[in-house]
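The data block below is my_file22.pdb; it holds PDB, C-alpha atoms, pLDDT in the B column.
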```
ATOM      1  CA  MET A   3     -14.298  34.280  19.428  1.00 39.00           C
ATOM      2  CA  LYS A   4     -13.948  34.225  15.643  1.00 39.00           C
ATOM      3  CA  LYS A   5     -10.571  33.130  14.316  1.00 40.00           C
ATOM      4  CA  SER A   6      -9.011  35.070  11.489  1.00 41.00           C
ATOM      5  CA  TRP A   7      -6.240  34.053   9.168  1.00 38.00           C
ATOM      6  CA  ARG A   8      -2.886  35.855   9.344  1.00 41.00           C
ATOM      7  CA  PRO A   9       0.098  35.567   6.998  1.00 44.00           C
ATOM      8  CA  GLY A  10       2.245  32.727   8.286  1.00 43.00           C
ATOM      9  CA  ALA A  11      -0.646  31.101  10.175  1.00 41.00           C
ATOM     10  CA  SER A  12      -2.150  27.770   9.212  1.00 40.00           C
ATOM     11  CA  PRO A  13      -4.992  28.208   6.745  1.00 42.00           C
ATOM     12  CA  THR A  14      -8.469  27.686   8.092  1.00 41.00           C
ATOM     13  CA  PRO A  15     -10.279  24.515   6.977  1.00 37.00           C
ATOM     14  CA  THR A  16     -12.664  26.583   4.859  1.00 39.00           C
ATOM     15  CA  PRO A  17     -11.820  26.119   1.157  1.00 38.00           C
ATOM     16  CA  ALA A  18     -11.042  29.335  -0.699  1.00 42.00           C
ATOM     17  CA  ARG A  19     -13.171  28.617  -3.754  1.00 43.00           C
ATOM     18  CA  ASN A  20     -16.924  28.959  -3.368  1.00 46.00           C
ATOM     19  CA  TRP A  21     -16.927  27.019  -0.138  1.00 45.00           C
ATOM     20  CA  GLU A  22     -20.652  26.423  -0.277  1.00 49.00           C
ATOM     21  CA  ASP A  23     -20.580  24.582  -3.588  1.00 49.00           C
ATOM     22  CA  GLY A  24     -17.093  23.091  -3.354  1.00 48.00           C
ATOM     23  CA  PRO A  25     -14.427  23.036  -6.035  1.00 51.00           C
ATOM     24  CA  GLY A  26     -15.456  22.460  -9.578  1.00 56.00           C
ATOM     25  CA  PRO A  27     -14.834  23.428 -13.160  1.00 63.00           C
ATOM     26  CA  PRO A  28     -14.714  27.110 -14.070  1.00 61.00           C
ATOM     27  CA  PRO A  29     -18.039  28.619 -15.061  1.00 61.00           C
ATOM     28  CA  PRO A  30     -18.921  28.684 -18.753  1.00 68.00           C
ATOM     29  CA  PRO A  31     -18.383  31.929 -20.665  1.00 69.00           C
ATOM     30  CA  PRO A  32     -21.252  34.408 -20.459  1.00 71.00           C
ATOM     31  CA  PRO A  33     -23.915  34.049 -23.139  1.00 82.00           C
ATOM     32  CA  PRO A  34     -23.498  36.213 -26.262  1.00 83.00           C
ATOM     33  CA  ARG A  35     -26.305  38.571 -25.184  1.00 86.00           C
ATOM     34  CA  LEU A  36     -23.846  39.945 -22.603  1.00 86.00           C
ATOM     35  CA  TYR A  37     -21.389  41.093 -25.284  1.00 84.00           C
ATOM     36  CA  ASP A  38     -21.518  44.263 -27.353  1.00 81.00           C
ATOM     37  CA  GLN A  39     -21.422  44.415 -31.166  1.00 80.00           C
ATOM     38  CA  GLU A  40     -17.615  44.281 -31.101  1.00 81.00           C
ATOM     39  CA  GLY A  41     -17.566  41.092 -29.038  1.00 81.00           C
ATOM     40  CA  ARG A  42     -16.529  42.709 -25.743  1.00 83.00           C
ATOM     41  CA  ALA A  43     -18.122  41.580 -22.487  1.00 82.00           C
ATOM     42  CA  SER A  44     -20.503  44.328 -21.359  1.00 85.00           C
ATOM     43  CA  TYR A  45     -20.097  44.762 -17.615  1.00 87.00           C
ATOM     44  CA  LYS A  46     -23.233  46.917 -17.545  1.00 87.00           C
ATOM     45  CA  LEU A  47     -25.267  44.032 -18.950  1.00 88.00           C
ATOM     46  CA  VAL A  48     -23.598  41.463 -16.681  1.00 88.00           C
ATOM     47  CA  ALA A  49     -24.357  43.641 -13.633  1.00 90.00           C
ATOM     48  CA  ARG A  50     -28.085  43.462 -14.461  1.00 91.00           C
ATOM     49  CA  GLU A  51     -28.140  39.662 -14.678  1.00 90.00           C
ATOM     50  CA  LYS A  52     -30.112  37.851 -11.974  1.00 90.00           C
ATOM     51  CA  GLY A  53     -27.231  35.456 -11.268  1.00 88.00           C
ATOM     52  CA  PHE A  54     -24.794  38.320 -10.760  1.00 88.00           C
ATOM     53  CA  THR A  55     -27.077  40.272  -8.447  1.00 91.00           C
ATOM     54  CA  GLN A  56     -27.779  37.101  -6.442  1.00 91.00           C
ATOM     55  CA  GLU A  57     -24.045  36.463  -6.031  1.00 89.00           C
ATOM     56  CA  VAL A  58     -23.425  40.060  -4.877  1.00 91.00           C
ATOM     57  CA  LYS A  59     -26.260  39.647  -2.383  1.00 92.00           C
ATOM     58  CA  ARG A  60     -24.764  36.350  -1.155  1.00 89.00           C
ATOM     59  CA  LEU A  61     -21.354  37.986  -0.678  1.00 88.00           C
ATOM     60  CA  THR A  62     -22.781  40.933   1.247  1.00 90.00           C
ATOM     61  CA  GLU A  63     -24.910  38.673   3.456  1.00 90.00           C
ATOM     62  CA  ARG A  64     -21.827  36.671   4.451  1.00 87.00           C
ATOM     63  CA  ALA A  65     -19.627  39.720   5.008  1.00 83.00           C
ATOM     64  CA  PRO A  66     -20.463  40.199   8.726  1.00 84.00           C
ATOM     65  CA  GLU A  67     -19.349  36.633   9.561  1.00 84.00           C
ATOM     66  CA  THR A  68     -16.471  36.043   7.153  1.00 83.00           C
ATOM     67  CA  ARG A  69     -13.582  37.705   5.398  1.00 83.00           C
ATOM     68  CA  GLN A  70     -13.846  37.111   1.695  1.00 82.00           C
ATOM     69  CA  ALA A  71     -11.286  37.317  -1.072  1.00 81.00           C
ATOM     70  CA  LEU A  72     -11.916  37.296  -4.794  1.00 82.00           C
ATOM     71  CA  MET A  73      -8.728  36.356  -6.568  1.00 80.00           C
ATOM     72  CA  CYS A  74      -7.413  37.403  -9.964  1.00 78.00           C
ATOM     73  CA  SER A  75      -4.069  37.205 -11.726  1.00 79.00           C
ATOM     74  CA  GLU A  76      -4.425  40.757 -13.096  1.00 85.00           C
ATOM     75  CA  GLY A  77      -1.871  42.984 -11.355  1.00 87.00           C
ATOM     76  CA  ASP A  78      -3.589  46.331 -11.860  1.00 91.00           C
ATOM     77  CA  PRO A  79      -7.088  46.518 -10.387  1.00 92.00           C
ATOM     78  CA  LEU A  80      -8.049  48.991 -13.123  1.00 92.00           C
ATOM     79  CA  ASN A  81      -7.708  46.203 -15.698  1.00 89.00           C
ATOM     80  CA  CYS A  82      -9.657  43.647 -13.683  1.00 87.00           C
ATOM     81  CA  HIS A  83     -13.355  42.836 -13.833  1.00 85.00           C
ATOM     82  CA  ARG A  84     -13.299  42.449 -10.067  1.00 83.00           C
ATOM     83  CA  THR A  85     -12.774  46.215  -9.769  1.00 89.00           C
ATOM     84  CA  LEU A  86     -14.782  47.294 -12.796  1.00 91.00           C
ATOM     85  CA  LEU A  87     -17.738  44.992 -12.153  1.00 90.00           C
ATOM     86  CA  VAL A  88     -17.734  43.159  -8.822  1.00 91.00           C
ATOM     87  CA  GLY A  89     -15.988  45.807  -6.692  1.00 92.00           C
ATOM     88  CA  ARG A  90     -18.245  48.443  -8.170  1.00 92.00           C
ATOM     89  CA  ALA A  91     -21.368  46.468  -7.228  1.00 93.00           C
ATOM     90  CA  LEU A  92     -20.078  45.625  -3.749  1.00 92.00           C
ATOM     91  CA  ALA A  93     -19.036  49.222  -3.049  1.00 90.00           C
ATOM     92  CA  GLY A  94     -22.544  50.246  -4.094  1.00 90.00           C
ATOM     93  CA  THR A  95     -23.887  48.184  -1.183  1.00 90.00           C
ATOM     94  CA  GLY A  96     -21.566  49.942   1.260  1.00 89.00           C
ATOM     95  CA  ALA A  97     -19.083  47.058   1.445  1.00 89.00           C
ATOM     96  CA  ARG A  98     -15.426  47.859   2.062  1.00 90.00           C
ATOM     97  CA  VAL A  99     -13.530  46.730  -1.040  1.00 92.00           C
ATOM     98  CA  LEU A 100      -9.740  46.450  -0.959  1.00 92.00           C
ATOM     99  CA  HIS A 101      -7.352  45.579  -3.792  1.00 92.00           C
ATOM    100  CA  ILE A 102      -3.964  44.022  -3.125  1.00 91.00           C
ATOM    101  CA  LEU A 103      -1.411  45.410  -5.583  1.00 90.00           C
ATOM    102  CA  PRO A 104       1.607  43.433  -6.892  1.00 90.00           C
ATOM    103  CA  THR A 105       3.812  45.392  -4.469  1.00 91.00           C
ATOM    104  CA  GLY A 106       1.727  44.173  -1.546  1.00 90.00           C
ATOM    105  CA  ALA A 107       0.244  47.632  -1.019  1.00 93.00           C
ATOM    106  CA  VAL A 108      -3.511  47.859  -0.542  1.00 93.00           C
ATOM    107  CA  GLU A 109      -5.742  50.189  -2.534  1.00 94.00           C
ATOM    108  CA  THR A 110      -9.390  50.828  -1.665  1.00 94.00           C
ATOM    109  CA  GLN A 111     -12.071  50.815  -4.352  1.00 93.00           C
ATOM    110  CA  GLU A 112     -12.364  54.593  -3.895  1.00 91.00           C
ATOM    111  CA  GLU A 113      -8.597  55.042  -4.343  1.00 93.00           C
ATOM    112  CA  ALA A 114      -8.731  52.905  -7.488  1.00 94.00           C
ATOM    113  CA  ILE A 115     -11.536  55.089  -8.848  1.00 92.00           C
ATOM    114  CA  THR A 116      -9.585  58.259  -8.006  1.00 91.00           C
ATOM    115  CA  ARG A 117      -6.572  56.849  -9.863  1.00 92.00           C
ATOM    116  CA  LEU A 118      -8.786  55.938 -12.825  1.00 93.00           C
ATOM    117  CA  LEU A 119     -10.267  59.433 -12.941  1.00 91.00           C
ATOM    118  CA  ARG A 120      -6.749  60.932 -12.956  1.00 91.00           C
ATOM    119  CA  LEU A 121      -5.618  58.558 -15.721  1.00 92.00           C
ATOM    120  CA  GLN A 122      -8.601  59.594 -17.827  1.00 89.00           C
ATOM    121  CA  GLY A 123      -7.948  63.286 -17.193  1.00 89.00           C
ATOM    122  CA  ILE A 124     -11.078  63.808 -15.084  1.00 86.00           C
ATOM    123  CA  THR A 125     -10.418  66.183 -12.205  1.00 79.00           C
ATOM    124  CA  THR A 126     -13.645  65.992 -10.209  1.00 69.00           C
ATOM    125  CA  ALA A 127     -12.739  66.438  -6.534  1.00 67.00           C
ATOM    126  CA  GLU A 128     -13.866  63.963  -3.900  1.00 67.00           C
ATOM    127  CA  GLY A 129     -17.178  65.062  -2.459  1.00 65.00           C
ATOM    128  CA  HIS A 130     -18.065  67.071  -5.600  1.00 74.00           C
ATOM    129  CA  ARG A 131     -21.649  66.529  -6.693  1.00 73.00           C
ATOM    130  CA  TYR A 132     -20.594  65.230 -10.131  1.00 81.00           C
ATOM    131  CA  ARG A 133     -17.963  62.792  -8.841  1.00 83.00           C
ATOM    132  CA  GLN A 134     -20.326  59.785  -8.806  1.00 85.00           C
ATOM    133  CA  ARG A 135     -21.445  60.485 -12.371  1.00 88.00           C
ATOM    134  CA  ASP A 136     -17.854  60.951 -13.528  1.00 90.00           C
ATOM    135  CA  ALA A 137     -16.772  57.775 -11.728  1.00 89.00           C
ATOM    136  CA  GLU A 138     -19.583  55.768 -13.352  1.00 89.00           C
ATOM    137  CA  HIS A 139     -18.621  57.096 -16.777  1.00 90.00           C
ATOM    138  CA  ALA A 140     -14.915  56.362 -16.192  1.00 91.00           C
ATOM    139  CA  LEU A 141     -15.652  52.826 -14.957  1.00 90.00           C
ATOM    140  CA  ASP A 142     -17.898  52.157 -17.969  1.00 89.00           C
ATOM    141  CA  ARG A 143     -15.212  53.368 -20.360  1.00 89.00           C
ATOM    142  CA  ARG A 144     -12.455  51.390 -18.642  1.00 90.00           C
ATOM    143  CA  GLY A 145     -14.706  48.327 -18.578  1.00 87.00           C
ATOM    144  CA  LEU A 146     -14.990  48.431 -22.367  1.00 85.00           C
ATOM    145  CA  GLU A 147     -11.212  48.811 -22.672  1.00 85.00           C
ATOM    146  CA  ALA A 148     -10.436  45.968 -20.275  1.00 84.00           C
ATOM    147  CA  ALA A 149     -13.235  43.563 -21.200  1.00 80.00           C
ATOM    148  CA  LYS A 150     -12.205  40.277 -22.654  1.00 66.00           C
ATOM    149  CA  ARG A 151     -13.323  39.680 -26.186  1.00 60.00           C
ATOM    150  CA  LEU A 152     -15.201  36.569 -27.129  1.00 53.00           C
ATOM    151  CA  PRO A 153     -13.707  35.072 -30.295  1.00 52.00           C
ATOM    152  CA  ARG A 154     -16.246  35.262 -33.121  1.00 47.00           C
ATOM    153  CA  GLN A 155     -16.142  31.507 -33.712  1.00 42.00           C
ATOM    154  CA  ARG A 156     -17.416  30.969 -30.150  1.00 47.00           C
ATOM    155  CA  TRP A 157     -20.476  33.170 -30.610  1.00 44.00           C
ATOM    156  CA  ARG A 158     -23.704  31.250 -30.789  1.00 44.00           C
ATOM    157  CA  THR A 159     -27.020  32.096 -32.264  1.00 41.00           C
ATOM    158  CA  PRO A 160     -30.100  32.318 -30.020  1.00 43.00           C
ATOM    159  CA  ALA A 161     -31.339  28.995 -31.461  1.00 43.00           C
ATOM    160  CA  SER A 162     -28.043  27.274 -30.617  1.00 40.00           C
ATOM    161  CA  THR A 163     -27.843  25.200 -27.454  1.00 41.00           C
ATOM    162  CA  SER A 164     -24.099  24.750 -27.091  1.00 42.00           C
ATOM    163  CA  TRP A 165     -20.881  26.669 -27.508  1.00 39.00           C
ATOM    164  CA  LYS A 166     -18.973  26.005 -30.717  1.00 37.00           C
TER
END
```

Could you write out this file's structure as structure tokens?
Amino acid sequence: MKKSWRPGASPTPTPARNWEDGPGPPPPPPPPRLYDQEGRASYKLVAREKGFTQEVKRLTERAPETRQALMCSEGDPLNCHRTLLVGRALAGTGARVLHILPTGAVETQEEAITRLLRLQGITTAEGHRYRQRDAEHALDRRGLEAAKRLPRQRWRTPASTSWK
């Protein structure tokens, strides 16, 4: 029988951070090719990267055996790359994606998208044939608004081998 963690229970011995590789320093910033002309991270470009697609595949392969949590300090899922990039990719594989709000309430990826559509004034009803297209457009637009900007002085040229 598989054990599961409950609030108030002792944590399992499995580390929370990338338990396969162990703890370590945070990853380096994405290379400049993944930023637009205004210096914003392009989630569309990141989503096409081999490393990103491999990580999504790894997460989905482990899903049947483990519960997984991706943590972020951003309170609103609509401002977080985990919703706009990772949750989007995982939901595209059929994974169940849940967001824990600051109140403790839980919002599904679909509920987050519905809220985003409302905020952007898009009224496509669930099940409507254009909903997926409208959701993709809304997520792309919100991704550009929420994306972190890379300071110009940290940009590197293609010939450069290290971050400045």

What residues come out when you apply the PyMOL selection byres ((chain A and resi 119) around 12) to this file, written as a ChimeraX atom specification?
/A:80,112-118,120-128,133-144

Residue neighbourhood segment 81-84 of chain A, 9 Å, only C-alpha atoms, exclusion window fewer than 5 positions, as a PDB file with C-alpha atoms, in the coordinates of the input:
```
ATOM      1  CA  TYR A  45     -20.097  44.762 -17.615  1.00 87.00           C
ATOM      2  CA  LEU A  72     -11.916  37.296  -4.794  1.00 82.00           C
ATOM      3  CA  MET A  73      -8.728  36.356  -6.568  1.00 80.00           C
ATOM      4  CA  CYS A  74      -7.413  37.403  -9.964  1.00 78.00           C
ATOM      5  CA  SER A  75      -4.069  37.205 -11.726  1.00 79.00           C
ATOM      6  CA  GLU A  76      -4.425  40.757 -13.096  1.00 85.00           C
ATOM      7  CA  GLY A  89     -15.988  45.807  -6.692  1.00 92.00           C
ATOM      8  CA  ARG A  90     -18.245  48.443  -8.170  1.00 92.00           C
ATOM      9  CA  ARG A 144     -12.455  51.390 -18.642  1.00 90.00           C
ATOM     10  CA  GLY A 145     -14.706  48.327 -18.578  1.00 87.00           C
ATOM     11  CA  GLU A 147     -11.212  48.811 -22.672  1.00 85.00           C
ATOM     12  CA  ALA A 148     -10.436  45.968 -20.275  1.00 84.00           C
ATOM     13  CA  ALA A 149     -13.235  43.563 -21.200  1.00 80.00           C
TER      14      ALA A 149
END
```

Quick one: residues within 8 Å of Ala97 of chain A, only C-alpha atoms, excluding same-chain residues fewer than 4 positions away - as a list in words?
Thr62, Leu92 and Ala93 of chain A

Quick check, in Å to one decimal: how far apart do atom CA of Thr95 of chain A and atom CA of Gly77 of chain A lie?
24.8 Å

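Excluding Leu36 of chain A itself and any same-chain residue fewer than 2 positions from it, the protein and nucleic acid residues within 8 Å of it, counting all atoms listed in the file, are Pro32, Pro33, Pro34, Asp38, Ala43, Ser44, Tyr45, Leu47 and Val48 of chain A.
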
Mind filling out segment 69-103 of chain A with N, CA and C atoms and sending it as an mmCIF file, in the frame of the given file?
```cif
data_model
loop_
_atom_site.group_PDB
_atom_site.id
_atom_site.type_symbol
_atom_site.label_atom_id
_atom_site.label_comp_id
_atom_site.auth_asym_id
_atom_site.auth_seq_id
_atom_site.Cartn_x
_atom_site.Cartn_y
_atom_site.Cartn_z
ATOM 1 N N ARG A 69 -14.401 36.888 6.288
ATOM 2 C CA ARG A 69 -13.582 37.705 5.398
ATOM 3 C C ARG A 69 -13.587 36.993 4.068
ATOM 4 N N GLN A 70 -13.755 37.731 3.001
ATOM 5 C CA GLN A 70 -13.846 37.111 1.695
ATOM 6 C C GLN A 70 -12.800 37.710 0.765
ATOM 7 N N ALA A 71 -12.277 36.864 -0.101
ATOM 8 C CA ALA A 71 -11.286 37.317 -1.072
ATOM 9 C C ALA A 71 -11.673 36.788 -2.438
ATOM 10 N N LEU A 72 -11.697 37.676 -3.402
ATOM 11 C CA LEU A 72 -11.916 37.296 -4.794
ATOM 12 C C LEU A 72 -10.573 37.442 -5.479
ATOM 13 N N MET A 73 -10.084 36.377 -6.038
ATOM 14 C CA MET A 73 -8.728 36.356 -6.568
ATOM 15 C C MET A 73 -8.705 36.565 -8.089
ATOM 16 N N CYS A 74 -7.616 37.178 -8.542
ATOM 17 C CA CYS A 74 -7.413 37.403 -9.964
ATOM 18 C C CYS A 74 -5.922 37.513 -10.221
ATOM 19 N N SER A 75 -5.494 37.116 -11.399
ATOM 20 C CA SER A 75 -4.069 37.205 -11.726
ATOM 21 C C SER A 75 -3.697 38.569 -12.305
ATOM 22 N N GLU A 76 -4.684 39.423 -12.546
ATOM 23 C CA GLU A 76 -4.425 40.757 -13.096
ATOM 24 C C GLU A 76 -3.772 41.617 -12.024
ATOM 25 N N GLY A 77 -2.604 42.184 -12.327
ATOM 26 C CA GLY A 77 -1.871 42.984 -11.355
ATOM 27 C C GLY A 77 -2.511 44.329 -11.046
ATOM 28 N N ASP A 78 -3.018 45.004 -12.066
ATOM 29 C CA ASP A 78 -3.589 46.331 -11.860
ATOM 30 C C ASP A 78 -5.103 46.217 -11.720
ATOM 31 N N PRO A 79 -5.639 46.607 -10.576
ATOM 32 C CA PRO A 79 -7.088 46.518 -10.387
ATOM 33 C C PRO A 79 -7.895 47.252 -11.460
ATOM 34 N N LEU A 80 -7.308 48.253 -12.096
ATOM 35 C CA LEU A 80 -8.049 48.991 -13.123
ATOM 36 C C LEU A 80 -8.229 48.193 -14.411
ATOM 37 N N ASN A 81 -7.549 47.066 -14.524
ATOM 38 C CA ASN A 81 -7.708 46.203 -15.698
ATOM 39 C C ASN A 81 -8.470 44.938 -15.356
ATOM 40 N N CYS A 82 -9.039 44.874 -14.178
ATOM 41 C CA CYS A 82 -9.657 43.647 -13.683
ATOM 42 C C CYS A 82 -11.162 43.805 -13.526
ATOM 43 N N HIS A 83 -11.898 42.781 -13.968
ATOM 44 C CA HIS A 83 -13.355 42.836 -13.833
ATOM 45 C C HIS A 83 -13.793 42.843 -12.375
ATOM 46 N N ARG A 84 -12.923 42.430 -11.478
ATOM 47 C CA ARG A 84 -13.299 42.449 -10.067
ATOM 48 C C ARG A 84 -13.405 43.888 -9.554
ATOM 49 N N THR A 85 -12.655 44.795 -10.120
ATOM 50 C CA THR A 85 -12.774 46.215 -9.769
ATOM 51 C C THR A 85 -13.894 46.860 -10.569
ATOM 52 N N LEU A 86 -13.877 46.608 -11.880
ATOM 53 C CA LEU A 86 -14.782 47.294 -12.796
ATOM 54 C C LEU A 86 -16.216 46.780 -12.734
ATOM 55 N N LEU A 87 -16.403 45.585 -12.215
ATOM 56 C CA LEU A 87 -17.738 44.992 -12.153
ATOM 57 C C LEU A 87 -18.103 44.615 -10.716
ATOM 58 N N VAL A 88 -17.381 43.681 -10.136
ATOM 59 C CA VAL A 88 -17.734 43.159 -8.822
ATOM 60 C C VAL A 88 -17.483 44.192 -7.717
ATOM 61 N N GLY A 89 -16.297 44.800 -7.708
ATOM 62 C CA GLY A 89 -15.988 45.807 -6.692
ATOM 63 C C GLY A 89 -16.943 46.976 -6.760
ATOM 64 N N ARG A 90 -17.300 47.340 -7.959
ATOM 65 C CA ARG A 90 -18.245 48.443 -8.170
ATOM 66 C C ARG A 90 -19.598 48.110 -7.535
ATOM 67 N N ALA A 91 -20.074 46.880 -7.782
ATOM 68 C CA ALA A 91 -21.368 46.468 -7.228
ATOM 69 C C ALA A 91 -21.296 46.350 -5.709
ATOM 70 N N LEU A 92 -20.213 45.772 -5.197
ATOM 71 C CA LEU A 92 -20.078 45.625 -3.749
ATOM 72 C C LEU A 92 -19.956 46.978 -3.058
ATOM 73 N N ALA A 93 -19.172 47.880 -3.633
ATOM 74 C CA ALA A 93 -19.036 49.222 -3.049
ATOM 75 C C ALA A 93 -20.386 49.931 -3.040
ATOM 76 N N GLY A 94 -21.208 49.660 -4.040
ATOM 77 C CA GLY A 94 -22.544 50.246 -4.094
ATOM 78 C C GLY A 94 -23.452 49.790 -2.960
ATOM 79 N N THR A 95 -23.110 48.671 -2.328
ATOM 80 C CA THR A 95 -23.887 48.184 -1.183
ATOM 81 C C THR A 95 -23.326 48.701 0.134
ATOM 82 N N GLY A 96 -22.211 49.436 0.051
ATOM 83 C CA GLY A 96 -21.566 49.942 1.260
ATOM 84 C C GLY A 96 -20.445 49.049 1.761
ATOM 85 N N ALA A 97 -20.158 47.963 1.039
ATOM 86 C CA ALA A 97 -19.083 47.058 1.445
ATOM 87 C C ALA A 97 -17.725 47.741 1.298
ATOM 88 N N ARG A 98 -16.801 47.360 2.136
ATOM 89 C CA ARG A 98 -15.426 47.859 2.062
ATOM 90 C C ARG A 98 -14.667 46.951 1.102
ATOM 91 N N VAL A 99 -14.213 47.505 -0.002
ATOM 92 C CA VAL A 99 -13.530 46.730 -1.040
ATOM 93 C C VAL A 99 -12.071 47.163 -1.080
ATOM 94 N N LEU A 100 -11.176 46.194 -0.942
ATOM 95 C CA LEU A 100 -9.740 46.450 -0.959
ATOM 96 C C LEU A 100 -9.098 45.650 -2.076
ATOM 97 N N HIS A 101 -8.093 46.245 -2.720
ATOM 98 C CA HIS A 101 -7.352 45.579 -3.792
ATOM 99 C C HIS A 101 -5.905 45.453 -3.356
ATOM 100 N N ILE A 102 -5.360 44.248 -3.469
ATOM 101 C CA ILE A 102 -3.964 44.022 -3.125
ATOM 102 C C ILE A 102 -3.160 44.175 -4.411
ATOM 103 N N LEU A 103 -2.240 45.122 -4.414
ATOM 104 C CA LEU A 103 -1.411 45.410 -5.583
ATOM 105 C C LEU A 103 -0.213 44.464 -5.634
#
```
